[in-house]
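Let me begin by presenting the structure, written as structure tokens, before commenting on it.
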Amino acid sequence: MQQSADLESIEAFITLADAGSFALAGRRLGRDPTIVSRRVQALEARLGVRLAERSTRRVTLTEAGLAYLDRVRPLLRALTAADRDVAAFAQGTPRGHLRVSLPTSFGRMWLSPMIADFLKVHPEVTIEAEFSNRFVDIIGEQFDLAVRLGVLPDSRLVARRLFPRRRLVCASPGYLARAAPLQQPGDIARHACLRYTGKVNPAVWEFLDVDDRLLTVPIEGALASDDAEVLVDSAVAGLGLLYGTDWLVARQLASGELVRVLADWRIPDEGAIHIVTPSLAGLPTKTRAFSDWLAARFQPDPPWFCPAKA
């Protein structure tokens, strides 16, 4: 509070020095002359020296006042310029450095082209993108924005929901042609399964029936990996069933390289795709613009949307 009052006092003093009277200084500041006088008096009291000699018609700076004016005028100008420059980050043209955290496979497949297009349209913005599946500490690690998949825990962060993600089971037509019949989750026991080790429990797959009853199915298979794209390639090659997400296999479903199975059975913990930021209050233009840019490309449908082939 004291610093704020001192800045107002300094502004009053500089305006008084330029105006030559409290009445004119008051008009320039939009304040009553008595307020200007009190602020200058407070400044003098804090400094312990008289800065101006008052008369009924005019104010004259003392030697100390002239010396002080020479020092504080450029400082106030610099502060005003700093306020103006920083305020520009919250309005007008997006500018500055943007640090974002993106999921590895999802970021490479779908967000990377969006980043390139964004930078072409906003040349005053630079982006540092970290591709990782960990939930970064946005505030502690000084990220401006993160894209997260799944179910979000409660937090102080602000989440913007882009689109639901849906899990599904699929396989190549060649694999299904030679494998055992597959009509219900229990049949999976007779199939080779591609296991994603990034899952909380990679040894089981979970399903919900029409009555929302949970069914847990143990799985086995020759390949396990923490890289979902490796598993997609293996599914296309006919190595087994894949328990994945719509965005991960959309292109293969559209081309017919993979076919959805067990479509009548839902999979729990589907979650959604979110943009997460520290706060909406005072959000810089660069962050808001990038968030809006991504959101616009998920409407009305996400870029991978296509009816899955059952």
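In the structure tokens, each chain is lettered A, B, ... as it comes, each chain's residues begin at 1, and ligands are numbered from 1 in order of appearance.
Shell of Val147 of chain A at 7 Å, with only C-alpha atoms counted and residues fewer than 3 places along the chain excluded, is Ser101, Leu102, Pro103, His274, Ile275 and Val276 of chain A.
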Shell of 7 Å around Glu128 of chain A, only C-alpha atoms, local chain residues under 6 positions omitted, as JSON, numbers by chain: {"A": [98, 99, 100]}
Please produce a file of the residues just selected, as a PDB file, in the first residue's frame, where the atoms kept are N, CA, C and O atoms.
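Printed below is result18.pdb as written:
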```
ATOM      1  N   LEU A  98       5.145 -19.013 -25.573  1.00  0.00           N
ATOM      2  CA  LEU A  98       4.096 -19.884 -25.047  1.00  0.00           C
ATOM      3  C   LEU A  98       4.698 -21.258 -24.774  1.00  0.00           C
ATOM      4  O   LEU A  98       5.245 -21.899 -25.672  1.00  0.00           O
ATOM      5  N   ARG A  99       4.575 -21.705 -23.524  1.00  0.00           N
ATOM      6  CA  ARG A  99       5.111 -23.016 -23.144  1.00  0.00           C
ATOM      7  C   ARG A  99       3.948 -23.965 -22.895  1.00  0.00           C
ATOM      8  O   ARG A  99       3.113 -23.715 -22.022  1.00  0.00           O
ATOM      9  N   VAL A 100       3.895 -25.072 -23.668  1.00  0.00           N
ATOM     10  CA  VAL A 100       2.742 -25.962 -23.605  1.00  0.00           C
ATOM     11  C   VAL A 100       3.192 -27.401 -23.368  1.00  0.00           C
ATOM     12  O   VAL A 100       4.279 -27.814 -23.785  1.00  0.00           O
TER      13      VAL A 100
END
```
Per-residue DSSP, segment 84-212 of chain A, filtered to strand (DSSP E or B), as a ChimeraX atom specification: /A:96-102,125-131,145-150,158-164,167-171,193-196,204-208
Kindly assemble as CSV a list of the segment 148-247 of chain A residues that lie within 8 Å of segment 284-308 of chain A, each paired with its nearest atom pair and their distance in Å to one decimal, using only C-alpha atoms, sorted first by chain and then by ascending residue number.
```
residue,atom,partner,partner_atom,distance
A:Leu162,CA,A:Ala295,CA,6.0
A:Phe163,CA,A:Phe298,CA,7.0
A:Asp246,CA,A:Trp304,CA,7.8
A:Trp247,CA,A:Trp304,CA,5.8
```
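Taking atom CA of Ser37 of chain A as the reference point, atom CA of Phe13 of chain A is found at 8.8 Å.
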Given only C-alpha atoms as the counted atoms, nearest of A:Phe106, A:Val151, A:Ala171, A:Ala159 to Asp227 of chain A: A:Phe106
Top pick for closest residue to Val72 of chain A, considering A:Ile10, A:Met109, A:Ile139, A:Asp264 and counting only C-alpha atoms: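 That would be A:Ile10, the residue with the smallest distance to Val72 of chain A.
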Residues within 8 Å of Leu43 of chain A, only C-alpha atoms, excluding chain neighbours under 2 positions, as a PyMOL selection string: chain A and resi 6+9-10+39-41+45-47
Which residue of A:Arg165, A:Gly174, A:Val232, A:Phe22 approaches Thr34 of chain A most closely, using only C-alpha atoms: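 Among A:Arg165, A:Gly174, A:Val232, A:Phe22, it is A:Phe22 that comes nearest to Thr34 of chain A.
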Who sits within 7 Å of Gly244 of chain A, only C-alpha atoms, same chain under 5 positions skipped, as a ChimeraX atom specification: /A:167-169
Who sits within 10 Å of Gly238 of chain A, only C-alpha atoms, same chain under 2 positions skipped, as a list of chain:residue names: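 Listed by chain and then number, they are A:Ala171, A:Ser172, A:Pro173, A:Gly174, A:Tyr175, A:Leu176, A:Arg178, A:Ala192, A:Val232, A:Asp233, A:Ser234, A:Ala235, A:Val236, A:Gly240, A:Leu241, A:Glu257, A:Leu258.
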Nearest-residue call for Leu214 of chain A, choices A:Gly271, A:Pro185, A:Gly92, A:Gly256, using only C-alpha atoms: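 Going through A:Gly271, A:Pro185, A:Gly92, A:Gly256 one by one, the smallest distance to Leu214 of chain A is for A:Pro185.
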Test item: residues at most 6 Å from segment 59-66 of chain A, only C-alpha atoms, excluding those fewer than 4 positions along its chain, as a ChimeraX atom specification: /A:20-21,51-54
Selection to disk with N, CA and C atoms, as a PDB file, in the first residue's frame:
```pdb
ATOM      1  N   GLY A  20       2.997  24.057 -12.644  1.00  0.00           N
ATOM      2  CA  GLY A  20       3.337  25.313 -11.971  1.00  0.00           C
ATOM      3  C   GLY A  20       2.326  25.757 -10.946  1.00  0.00           C
ATOM      4  N   SER A  21       1.189  25.074 -10.796  1.00  0.00           N
ATOM      5  CA  SER A  21       0.196  25.424  -9.786  1.00  0.00           C
ATOM      6  C   SER A  21      -0.612  24.176  -9.430  1.00  0.00           C
ATOM      7  N   LEU A  51      10.296  20.104  -1.293  1.00  0.00           N
ATOM      8  CA  LEU A  51      10.505  20.001  -2.734  1.00  0.00           C
ATOM      9  C   LEU A  51      10.010  21.211  -3.504  1.00  0.00           C
ATOM     10  N   ALA A  52       9.069  21.965  -2.928  1.00  0.00           N
ATOM     11  CA  ALA A  52       8.479  23.099  -3.655  1.00  0.00           C
ATOM     12  C   ALA A  52       8.162  24.221  -2.689  1.00  0.00           C
ATOM     13  N   GLU A  53       8.339  25.453  -3.172  1.00  0.00           N
ATOM     14  CA  GLU A  53       7.936  26.639  -2.434  1.00  0.00           C
ATOM     15  C   GLU A  53       6.589  27.090  -2.959  1.00  0.00           C
ATOM     16  N   ARG A  54       5.618  27.265  -2.059  1.00  0.00           N
ATOM     17  CA  ARG A  54       4.273  27.640  -2.462  1.00  0.00           C
ATOM     18  C   ARG A  54       4.069  29.143  -2.304  1.00  0.00           C
TER      19      ARG A  54
END
```
